[in-house]
Amino acid sequence: MLGAAVVTPAPATGQYTVTALKFTVPAGGRTCTIDADLYRPAGTGRAPAVLATNGFGGSKSDGSTDGIGKAFAERGYVSLVYSGLGFGDSGCLISLDDPDIDGTAASKLVDFLAGKRAADDGTKADFVTLDAEGDPRVGMIGGSYGGAIQLATAAVDHRVDALVPLITWHDLAYSLDPNNAGPHGAVPGAFKWQWVNGFYLMGESQPLTTPNLDPSRINSLDCLHFVTEACRTVRTLNSGSYPADRTAELLAYSRSVSPVSYLSRVKAPTLLVQGQADSLFNLNEATATYKTLTAHGTPTRMIWQSWGHSGGMAAGELNLGQGNLESAYVGKRILAWFDRYLRKRKSADTGPAFAYYRDWITDPTGTYATADRLPALSRKLYLSGDGRLVDSPSEVTRGSRTYTNRTVPTSHSESSLAGTVGLPDPAPYDTEGTYLGWTSEPLTRTTDVVGAPKATLKVVSPKAERTQDSPDAADRLVLFAKLYDIAPDGTGTLVHRLVAPVRVPDVTRSFTVTLPGIVHRYEKGHRLRFVIAASDDAYFGNRGIKPVTVVSSPGNTGVLELPVAGG
């Protein structure tokens, strides 16, 4: 009899054993060695399994990855944590969580948990709960690179029963080269050069961090440790040029290794956790994944926690390295998710559809608010010709204002890797004459913005219009939209340093900008300021000098829409 009907939990001793294992698996036309650690809880009987791997540049020994193994073994789960392909002591090239490579390799580990194959030393797992012969009860958890691998694995192996991807991507084309103007994907964006090159150098410098490198991890002198397509993508982005053929190749490859291209194949119940402080993979990424999965009928919940790639860890928040699952809101939700889908406890409450962290709440028991859906765009403000944000079109003053870019960046939002490595970062700024701003009257009540604001704009730029039909998309106009909180003393805060890069699809038409999602309370007496800037030093910007004018009149003006909690 298989272990489908009864789950025998391990004794509540928290004790477990750890065994280092190697697995030799085929993936992407290569033979890869996977380095893993098996955490087996003490006691007898079968138990569900948890599979996890590292974030980019890490290994199975990272604090958070190792912490996952310990935390779930202590709670009676069989835990298998491994170094992803190309990292730690695992072989093969870095292939960006490609489902056909990384997902296939992870599926071989599911075979091990099912008892269908042994580790290289002959170790077999005959202690994992089975739903059917060859079908183990297994969930996955992990962050960033260790988040996307879950979706990639579930797309190629439907034996995976539950997913908890944290702070990961939906579409790498958007993550690395974002264009926040619709329609999505019609025009390439503005290269996020600091983030991309930081990770690229981290991958290419593997011999400096890993002695006696496995030969399967070396591609060529031209592209050391990534798959060739990944290196070509980075080179195209760094060139600052977007000729049609190379751009199509860039977008096609980036999307092929991204959940956006395969979510229709993901059936495992998914608890998405995304970070509010994250300029690498912002809240819009999780929102897109959430909407796609729910549209396909996959059981899905979404939590917006405080921390992400840009820092933001708050007291009491989930820390996988510490294993504080029972005391953190997100940790409790994860335990309940696995209780429901791995332990098959039908009474386990998987929680509301949506939850978000509120940094203005001081009581740690009430920092999260919950809802059955994301707040709708419920408040409109209009861009007046005199630089005001007003409540109705009738209040708009007729007028026009102009800014121009320079040959060097003149605005700063962030130093992208500062939060990751703990370095100080100068406050955001914009240089006079290189941006336009519209500011509201002081708010008469507190206003909680929860979600992604949108702006509809029309700009005038004769120089950009002349390059509109260039065969190189890099000749099109670039601008950066953002939303500040202005305190009564005039101090401005760029919420989580988030900006919306835009390569304008057609400068002769109005266009819509979707800003990164935020959770922010604008206090009574504060003002909102909407800004469009000519540049941002974390991104590539305009090619050539392209002055921009914005014209407003009562019947024809830009509109800013805000998702306000409670309407």
# chains A, B, ... in the order shown; residues from 1 in each chain; ligands from 1

call {"tool": "closest_atom_pairs", "arguments": {"of": "segment 115-226 of chain A", "to": "segment 71-82 of chain A", "cutoff": "12 Å", "atoms": "only C-alpha atoms", "output": "CSV"}}
result
residue,atom,partner,partner_atom,distance
A:Ala119,CA,A:Leu80,CA,11.9
A:Ala125,CA,A:Val78,CA,9.5
A:Asp126,CA,A:Val78,CA,11.0
A:Phe127,CA,A:Val78,CA,8.2
A:Val128,CA,A:Val78,CA,7.0
A:Thr129,CA,A:Val78,CA,9.4
A:Pro136,CA,A:Val78,CA,11.0
A:Arg137,CA,A:Val78,CA,10.2
A:Val138,CA,A:Val78,CA,9.0
A:Gly139,CA,A:Ser79,CA,9.6
A:Met140,CA,A:Ser79,CA,9.6
A:Ile141,CA,A:Val81,CA,9.9
A:Gly142,CA,A:Val81,CA,9.9
A:Gly146,CA,A:Tyr82,CA,10.1
A:Ile149,CA,A:Tyr82,CA,11.9

call {"tool": "select_by_dssp", "arguments": {"residues": "segment 45-260 of chain A", "states": "strand (DSSP E)", "output": "VMD selection string"}}
result
chain A and resid 49 to 53 78 to 82 130 to 132 135 to 136 138 to 143 160 to 166

call {"tool": "write_last_selection", "arguments": {"atoms": "C-alpha atoms", "output": "PDB file, in the first residue's frame"}}
result
ATOM      1  CA  ALA A  49       8.928  16.286   1.161  1.00  0.00           C
ATOM      2  CA  VAL A  50      10.098  19.845   0.574  1.00  0.00           C
ATOM      3  CA  LEU A  51      12.503  20.579  -2.308  1.00  0.00           C
ATOM      4  CA  ALA A  52      14.503  23.826  -2.485  1.00  0.00           C
ATOM      5  CA  THR A  53      17.465  25.458  -4.153  1.00  0.00           C
ATOM      6  CA  VAL A  78      11.763  15.323   4.416  1.00  0.00           C
ATOM      7  CA  SER A  79      13.859  18.195   3.000  1.00  0.00           C
ATOM      8  CA  LEU A  80      16.073  17.993  -0.066  1.00  0.00           C
ATOM      9  CA  VAL A  81      18.060  21.150  -0.752  1.00  0.00           C
ATOM     10  CA  TYR A  82      20.489  21.419  -3.629  1.00  0.00           C
ATOM     11  CA  LEU A 130       3.391   8.777  -2.048  1.00  0.00           C
ATOM     12  CA  ASP A 131       0.163   9.711  -3.816  1.00  0.00           C
ATOM     13  CA  ALA A 132       0.694   6.907  -6.308  1.00  0.00           C
ATOM     14  CA  ASP A 135       4.429  10.137  -7.360  1.00  0.00           C
ATOM     15  CA  PRO A 136       5.800  11.668  -4.136  1.00  0.00           C
ATOM     16  CA  VAL A 138       6.382  17.169  -2.575  1.00  0.00           C
ATOM     17  CA  GLY A 139       6.297  20.931  -2.287  1.00  0.00           C
ATOM     18  CA  MET A 140       8.869  23.541  -3.238  1.00  0.00           C
ATOM     19  CA  ILE A 141       9.953  26.802  -1.614  1.00  0.00           C
ATOM     20  CA  GLY A 142      12.706  29.353  -2.213  1.00  0.00           C
ATOM     21  CA  GLY A 143      13.449  32.912  -3.229  1.00  0.00           C
ATOM     22  CA  VAL A 160       4.840  18.717  -7.634  1.00  0.00           C
ATOM     23  CA  ASP A 161       1.991  19.402  -5.191  1.00  0.00           C
ATOM     24  CA  ALA A 162       2.574  22.916  -3.835  1.00  0.00           C
ATOM     25  CA  LEU A 163       4.764  25.945  -4.572  1.00  0.00           C
ATOM     26  CA  VAL A 164       5.918  28.935  -2.532  1.00  0.00           C
ATOM     27  CA  PRO A 165       7.958  31.203  -4.871  1.00  0.00           C
ATOM     28  CA  LEU A 166       9.358  34.265  -3.098  1.00  0.00           C
TER      29      LEU A 166
END

call {"tool": "closest_atom_pairs", "arguments": {"of": "segment 380-479 of chain A", "to": "segment 307-325 of chain A", "cutoff": "9 Å", "atoms": "only C-alpha atoms", "output": "Markdown table"}}
result
| residue | atom | partner | partner_atom | distance |
| --- | --- | --- | --- | --- |
| A:Ser416 | CA | A:Ser310 | CA | 7.3 |
| A:Leu417 | CA | A:Ser310 | CA | 7.4 |
| A:Ala418 | CA | A:Ser310 | CA | 7.5 |
| A:Gly419 | CA | A:Ser310 | CA | 4.6 |
| A:Thr420 | CA | A:Ser310 | CA | 6.0 |
| A:Gly422 | CA | A:Gly311 | CA | 8.3 |

call {"tool": "write_last_selection", "arguments": {"atoms": "N, CA, C and O atoms", "output": "PDB file, in the first residue's frame"}}
result
ATOM      1  N   SER A 416      21.628  50.226  -7.492  1.00  0.00           N
ATOM      2  CA  SER A 416      20.806  49.016  -7.437  1.00  0.00           C
ATOM      3  C   SER A 416      21.316  47.941  -6.489  1.00  0.00           C
ATOM      4  O   SER A 416      20.523  47.243  -5.868  1.00  0.00           O
ATOM      5  N   LEU A 417      22.622  47.755  -6.376  1.00  0.00           N
ATOM      6  CA  LEU A 417      23.146  46.685  -5.541  1.00  0.00           C
ATOM      7  C   LEU A 417      23.397  47.109  -4.100  1.00  0.00           C
ATOM      8  O   LEU A 417      23.830  46.301  -3.283  1.00  0.00           O
ATOM      9  N   ALA A 418      23.098  48.372  -3.782  1.00  0.00           N
ATOM     10  CA  ALA A 418      23.398  48.873  -2.440  1.00  0.00           C
ATOM     11  C   ALA A 418      22.642  48.099  -1.370  1.00  0.00           C
ATOM     12  O   ALA A 418      23.201  47.720  -0.340  1.00  0.00           O
ATOM     13  N   GLY A 419      21.339  47.859  -1.604  1.00  0.00           N
ATOM     14  CA  GLY A 419      20.561  47.133  -0.614  1.00  0.00           C
ATOM     15  C   GLY A 419      21.001  45.694  -0.455  1.00  0.00           C
ATOM     16  O   GLY A 419      20.936  45.124   0.633  1.00  0.00           O
ATOM     17  N   THR A 420      21.480  45.100  -1.542  1.00  0.00           N
ATOM     18  CA  THR A 420      21.917  43.703  -1.504  1.00  0.00           C
ATOM     19  C   THR A 420      23.200  43.543  -0.700  1.00  0.00           C
ATOM     20  O   THR A 420      23.358  42.577   0.061  1.00  0.00           O
ATOM     21  N   GLY A 422      24.487  45.983   1.360  1.00  0.00           N
ATOM     22  CA  GLY A 422      24.487  46.772   2.582  1.00  0.00           C
ATOM     23  C   GLY A 422      25.297  48.041   2.524  1.00  0.00           C
ATOM     24  O   GLY A 422      25.818  48.503   3.551  1.00  0.00           O
TER      25      GLY A 422
END

call {"tool": "atom_distance", "arguments": {"atom1": "atom CA of Pro41 of chain A", "atom2": "atom CA of Ala105 of chain A"}}
result
24.7 Å

call {"tool": "closest_residue", "arguments": {"among": "A:Ser279, A:Ser413, A:Asn542, A:Thr446", "to": "Thr467 of chain A", "atoms": "only C-alpha atoms"}}
result
A:Asn542

call {"tool": "closest_residue", "arguments": {"among": "A:Arg476, A:Ala328, A:Thr491, A:Arg117", "to": "Gly366 of chain A", "atoms": "only C-alpha atoms"}}
result
A:Ala328

call {"tool": "closest_atom_pairs", "arguments": {"of": "segment 364-436 of chain A", "to": "segment 453-460 of chain A", "cutoff": "10 Å", "atoms": "only C-alpha atoms", "output": "Markdown table"}}
result
| residue | atom | partner | partner_atom | distance |
| --- | --- | --- | --- | --- |
| A:Ala376 | CA | A:Pro453 | CA | 9.8 |
| A:Leu377 | CA | A:Pro453 | CA | 7.3 |
| A:Ser378 | CA | A:Pro453 | CA | 10.0 |
| A:Arg379 | CA | A:Pro453 | CA | 9.7 |
| A:Lys380 | CA | A:Ala455 | CA | 9.4 |
| A:Leu381 | CA | A:Ala455 | CA | 9.3 |
| A:Tyr382 | CA | A:Ala455 | CA | 9.5 |
| A:Leu383 | CA | A:Leu457 | CA | 9.1 |
| A:Ser400 | CA | A:Val460 | CA | 9.9 |
| A:Thr402 | CA | A:Val460 | CA | 9.1 |

call {"tool": "write_last_selection", "arguments": {"atoms": "C-alpha atoms", "output": "CSV table (one decimal), in the first residue's frame"}}
result
chain,number,residue,atom,x,y,z
A,376,ALA,CA,-9.0,48.9,-8.1
A,377,LEU,CA,-7.8,52.2,-9.6
A,378,SER,CA,-10.3,54.4,-7.8
A,379,ARG,CA,-8.9,58.0,-7.7
A,380,LYS,CA,-8.0,60.2,-10.6
A,381,LEU,CA,-5.8,63.3,-10.6
A,382,TYR,CA,-5.2,65.5,-13.5
A,383,LEU,CA,-2.0,67.2,-14.7
A,400,SER,CA,2.9,73.9,-21.4
A,402,THR,CA,9.5,71.6,-21.2

call {"tool": "closest_residue", "arguments": {"among": "A:Pro269, A:Gly490, A:Pro554, A:Gly297", "to": "Val390 of chain A", "atoms": "only C-alpha atoms"}}
result
A:Pro554

call {"tool": "residues_around", "arguments": {"residues": "Thr431 of chain A", "least_positions_apart": "3", "cutoff": "9 Å", "atoms": "only C-alpha atoms", "output": "mmCIF file with N, CA and C atoms, in the first residue's frame"}}
result
data_model
loop_
_atom_site.group_PDB
_atom_site.id
_atom_site.type_symbol
_atom_site.label_atom_id
_atom_site.label_comp_id
_atom_site.auth_asym_id
_atom_site.auth_seq_id
_atom_site.Cartn_x
_atom_site.Cartn_y
_atom_site.Cartn_z
ATOM 1 N N THR A 410 20.921 62.645 -15.131
ATOM 2 C CA THR A 410 20.720 63.799 -14.247
ATOM 3 C C THR A 410 19.717 63.503 -13.135
ATOM 4 N N SER A 411 19.250 62.261 -13.048
ATOM 5 C CA SER A 411 18.350 61.848 -11.971
ATOM 6 C C SER A 411 18.890 60.565 -11.342
ATOM 7 N N THR A 434 15.609 69.071 -16.099
ATOM 8 C CA THR A 434 15.637 67.757 -16.750
ATOM 9 C C THR A 434 14.450 66.889 -16.321
ATOM 10 N N TYR A 435 13.447 67.504 -15.715
ATOM 11 C CA TYR A 435 12.266 66.759 -15.302
ATOM 12 C C TYR A 435 11.091 67.718 -15.196
ATOM 13 N N ALA A 533 10.965 62.209 -15.638
ATOM 14 C CA ALA A 533 12.347 62.674 -15.718
ATOM 15 C C ALA A 533 12.986 62.178 -17.006
#

call {"tool": "atom_distance", "arguments": {"atom1": "atom CA of Gly28 of chain A", "atom2": "atom CA of Gly69 of chain A"}}
result
27.1 Å

call {"tool": "closest_residue", "arguments": {"among": "A:Ala36, A:Val551, A:Leu21, A:Leu494", "to": "Ser61 of chain A", "atoms": "only C-alpha atoms"}}
result
A:Ala36

call {"tool": "residues_around", "arguments": {"residues": "segment 193-200 of chain A", "least_positions_apart": "2", "cutoff": "12 Å", "atoms": "only C-alpha atoms", "output": "PyMOL selection string"}}
result
chain A and resi 55-58+94-96+145+172-173+175-178+189-191+202-206+223-227+230-240+278-281+309-310+414-421+536-541

call {"tool": "select_by_dssp", "arguments": {"residues": "segment 26-72 of chain A", "states": "helix (DSSP H, G or I)", "output": "list in words"}}
result
Gly63, Ser64, Thr65, Asp66, Gly67, Ile68, Gly69, Lys70, Ala71 and Phe72 of chain A

call {"tool": "residues_around", "arguments": {"residues": "segment 355-357 of chain A", "least_positions_apart": "3", "cutoff": "8 Å", "atoms": "only C-alpha atoms", "output": "ChimeraX atom specification"}}
result
/A:302-306,352,367-371,519

call {"tool": "atom_distance", "arguments": {"atom1": "atom CA of Val502 of chain A", "atom2": "atom CA of Gln276 of chain A"}}
result
20.7 Å
